[in-house]
Amino acid sequence: MNETPASTTVRSCSWTLHDTPVGPLLLAATDEGLVNVVFHADSATADRALARLEGRFGSRPARVDDAASGRESLPHPALGVAAAELASYFRGELRAFTVPLDWSLSGGFNERVLRALAASVPFGVSAGYQDLAGRVGEPGAARAVGVAMGSNPLPVVVPCHRVVESGGGLGGFGGGTETKRALLALEGLLPQPLF
């Protein structure tokens with residue numbers, strides 16, 4: 001009989017794929033809410049993400065109906081809400097996500113920064129790394145804010161794409177700079193790509 005180590009609390013987690021204009025997203029949720037959004041979720045990327053979730057939660061996440069099928073009602077409530085809200089966001093209709101979030105893949109300084117980002121940088125507005133460091137009471141921590149953005153387990157929903165360099169540069173982005181450009185253009189912060 002396989003037993004889970006005492007240090008690991010087994011939690012159920014479900015996942016689905018959701019097609020978007022920036023490529024397929026893997027969406028994962030626990031009973032608390034949406035826990036992970038993964039860009040460019042081809043089979044290899046999805047397998048790595050699912051292995052990380054299994055390591056964290058002690059059991060392999062279960063796949064639910066494919067959100068790409070156009071169904072807005074998935075068997076897992078948070079996944080259904082996330083899929084519907086993401087579809088609305090990419091159509092340019094949604095400006096604020098309401099899906100419940102599970103912050104368990106983040107912690108400490110990174111979680112403080114991500115929560116501040118989600119609460120204080122709305123649709124169509126950008127913030128600098130230094131500005132965000134100041135918002136969490138750590139004015140000298142701009143580089144650490146960059147690390148926090150890179151660790152964001154909930155991109156798009158927790159909008160790390162809205163954090164840019166003070167000199168006007170895009171800065172880094174886990175989904176790639178073209179994805180960041182597309183998200184910023186969708187929100188009216190950059191011109192739409194020419195082709």
# chains A, B, ... in the order shown; residues from 1 in each chain; ligands from 1
call {"tool": "residues_around", "arguments": {"residues": "Ala51 of chain A", "least_positions_apart": "4", "cutoff": "9 Å", "atoms": "only C-alpha atoms", "output": "list of chain:residue names"}}
result
A:Ala46, A:Asp47, A:Gly55, A:Arg56, A:Arg60, A:Pro61
call {"tool": "closest_atom_pairs", "arguments": {"of": "segment 142-194 of chain A", "to": "segment 98-120 of chain A", "cutoff": "9 Å", "atoms": "only C-alpha atoms", "output": "JSON lines"}}
result
{"residue": "A:Ala144", "atom": "CA", "partner": "A:Asn110", "partner_atom": "CA", "distance": 8.1}
{"residue": "A:Val145", "atom": "CA", "partner": "A:Val113", "partner_atom": "CA", "distance": 6.8}
{"residue": "A:Val147", "atom": "CA", "partner": "A:Asn110", "partner_atom": "CA", "distance": 7.7}
{"residue": "A:Ala148", "atom": "CA", "partner": "A:Asn110", "partner_atom": "CA", "distance": 4.6}
{"residue": "A:Met149", "atom": "CA", "partner": "A:Leu114", "partner_atom": "CA", "distance": 7.3}
{"residue": "A:Ser151", "atom": "CA", "partner": "A:Asn110", "partner_atom": "CA", "distance": 7.4}
{"residue": "A:Asn152", "atom": "CA", "partner": "A:Leu114", "partner_atom": "CA", "distance": 7.1}
{"residue": "A:Pro153", "atom": "CA", "partner": "A:Leu105", "partner_atom": "CA", "distance": 6.5}
{"residue": "A:Leu154", "atom": "CA", "partner": "A:Leu101", "partner_atom": "CA", "distance": 8.6}
{"residue": "A:Val157", "atom": "CA", "partner": "A:Ala118", "partner_atom": "CA", "distance": 8.0}
{"residue": "A:Val158", "atom": "CA", "partner": "A:Ala118", "partner_atom": "CA", "distance": 5.3}
{"residue": "A:Pro159", "atom": "CA", "partner": "A:Ala118", "partner_atom": "CA", "distance": 6.5}
{"residue": "A:Cys160", "atom": "CA", "partner": "A:Leu117", "partner_atom": "CA", "distance": 7.4}
{"residue": "A:Arg162", "atom": "CA", "partner": "A:Leu117", "partner_atom": "CA", "distance": 8.8}
{"residue": "A:Val163", "atom": "CA", "partner": "A:Leu117", "partner_atom": "CA", "distance": 8.6}
call {"tool": "select_by_dssp", "arguments": {"residues": "chain A", "states": "helix (DSSP H, G or I)", "output": "PyMOL selection string"}}
result
chain A and resi 43-57+67-69+77-90+108-120+129-135+142-150+160-162+177-186
call {"tool": "atom_distance", "arguments": {"atom1": "atom CA of Arg63 of chain A", "atom2": "atom CA of Thr30 of chain A"}}
result
12.1 Å
call {"tool": "residues_around", "arguments": {"residues": "Asp131 of chain A", "least_positions_apart": "2", "cutoff": "12 Å", "atoms": "only C-alpha atoms", "output": "PyMOL selection string"}}
result
chain A and resi 113+116-117+120-121+126-129+133-143+145-146+162-166
call {"tool": "residues_around", "arguments": {"residues": "Leu50 of chain A", "least_positions_apart": "5", "cutoff": "12 Å", "atoms": "only C-alpha atoms", "output": "PyMOL selection string"}}
result
chain A and resi 13-17+26-29+35-38+41-45+55-63
call {"tool": "residues_around", "arguments": {"residues": "segment 76-79 of chain A", "least_positions_apart": "2", "cutoff": "6 Å", "atoms": "only C-alpha atoms", "output": "VMD selection string"}}
result
chain A and resid 33 to 34 74 81 to 83
call {"tool": "write_last_selection", "arguments": {"atoms": "N, CA, C and O atoms", "output": "compact mmCIF listing (two decimals), in the first residue's frame"}}
result
# COMPACT_ATOMS: atom_id res chain seq x y z
N GLY A 33 -10.09 27.04 -4.91
CA GLY A 33 -10.19 27.90 -6.08
C GLY A 33 -9.12 27.60 -7.11
O GLY A 33 -8.39 26.60 -7.01
N LEU A 34 -9.02 28.48 -8.09
CA LEU A 34 -8.03 28.35 -9.16
C LEU A 34 -6.65 28.41 -8.52
O LEU A 34 -6.34 29.33 -7.78
N LEU A 74 -18.12 23.60 -16.38
CA LEU A 74 -17.31 22.42 -16.14
C LEU A 74 -17.70 21.79 -14.81
O LEU A 74 -18.24 22.47 -13.94
N VAL A 81 -15.79 28.65 -13.79
CA VAL A 81 -15.75 30.11 -13.69
C VAL A 81 -14.51 30.66 -14.39
O VAL A 81 -14.59 31.62 -15.15
N ALA A 82 -13.35 30.02 -14.16
CA ALA A 82 -12.11 30.49 -14.77
C ALA A 82 -12.20 30.43 -16.29
O ALA A 82 -11.82 31.39 -16.98
N ALA A 83 -12.71 29.33 -16.83
CA ALA A 83 -12.82 29.19 -18.29
C ALA A 83 -13.75 30.25 -18.87
O ALA A 83 -13.44 30.88 -19.89
call {"tool": "residues_around", "arguments": {"residues": "Gly92 of chain A", "least_positions_apart": "5", "cutoff": "12 Å", "atoms": "only C-alpha atoms", "output": "list in words"}}
result
Pro21, Glu85, Leu86, Ala87, Phe123, Gly124, Leu183, Leu184, Ala185, Leu186, Glu187 and Gly188 of chain A
call {"tool": "select_by_dssp", "arguments": {"residues": "chain A", "states": "strand (DSSP E or B)", "output": "ChimeraX atom specification"}}
result
/A:14-18,25-29,34-38,62-63,101,127-128,163-164
call {"tool": "closest_residue", "arguments": {"among": "A:Leu132, A:Arg11, A:Phe90, A:Arg48", "to": "Gly23 of chain A", "atoms": "only C-alpha atoms"}}
result
A:Phe90
call {"tool": "closest_residue", "arguments": {"among": "A:His18, A:His40, A:His161, A:Arg95", "to": "Ala182 of chain A", "atoms": "only C-alpha atoms"}}
result
A:His161
call {"tool": "residues_around", "arguments": {"residues": "Gly174 of chain A", "least_positions_apart": "2", "cutoff": "7 Å", "atoms": "only C-alpha atoms", "output": "NGL selection string"}}
result
:A and (150 or 172 or 176)
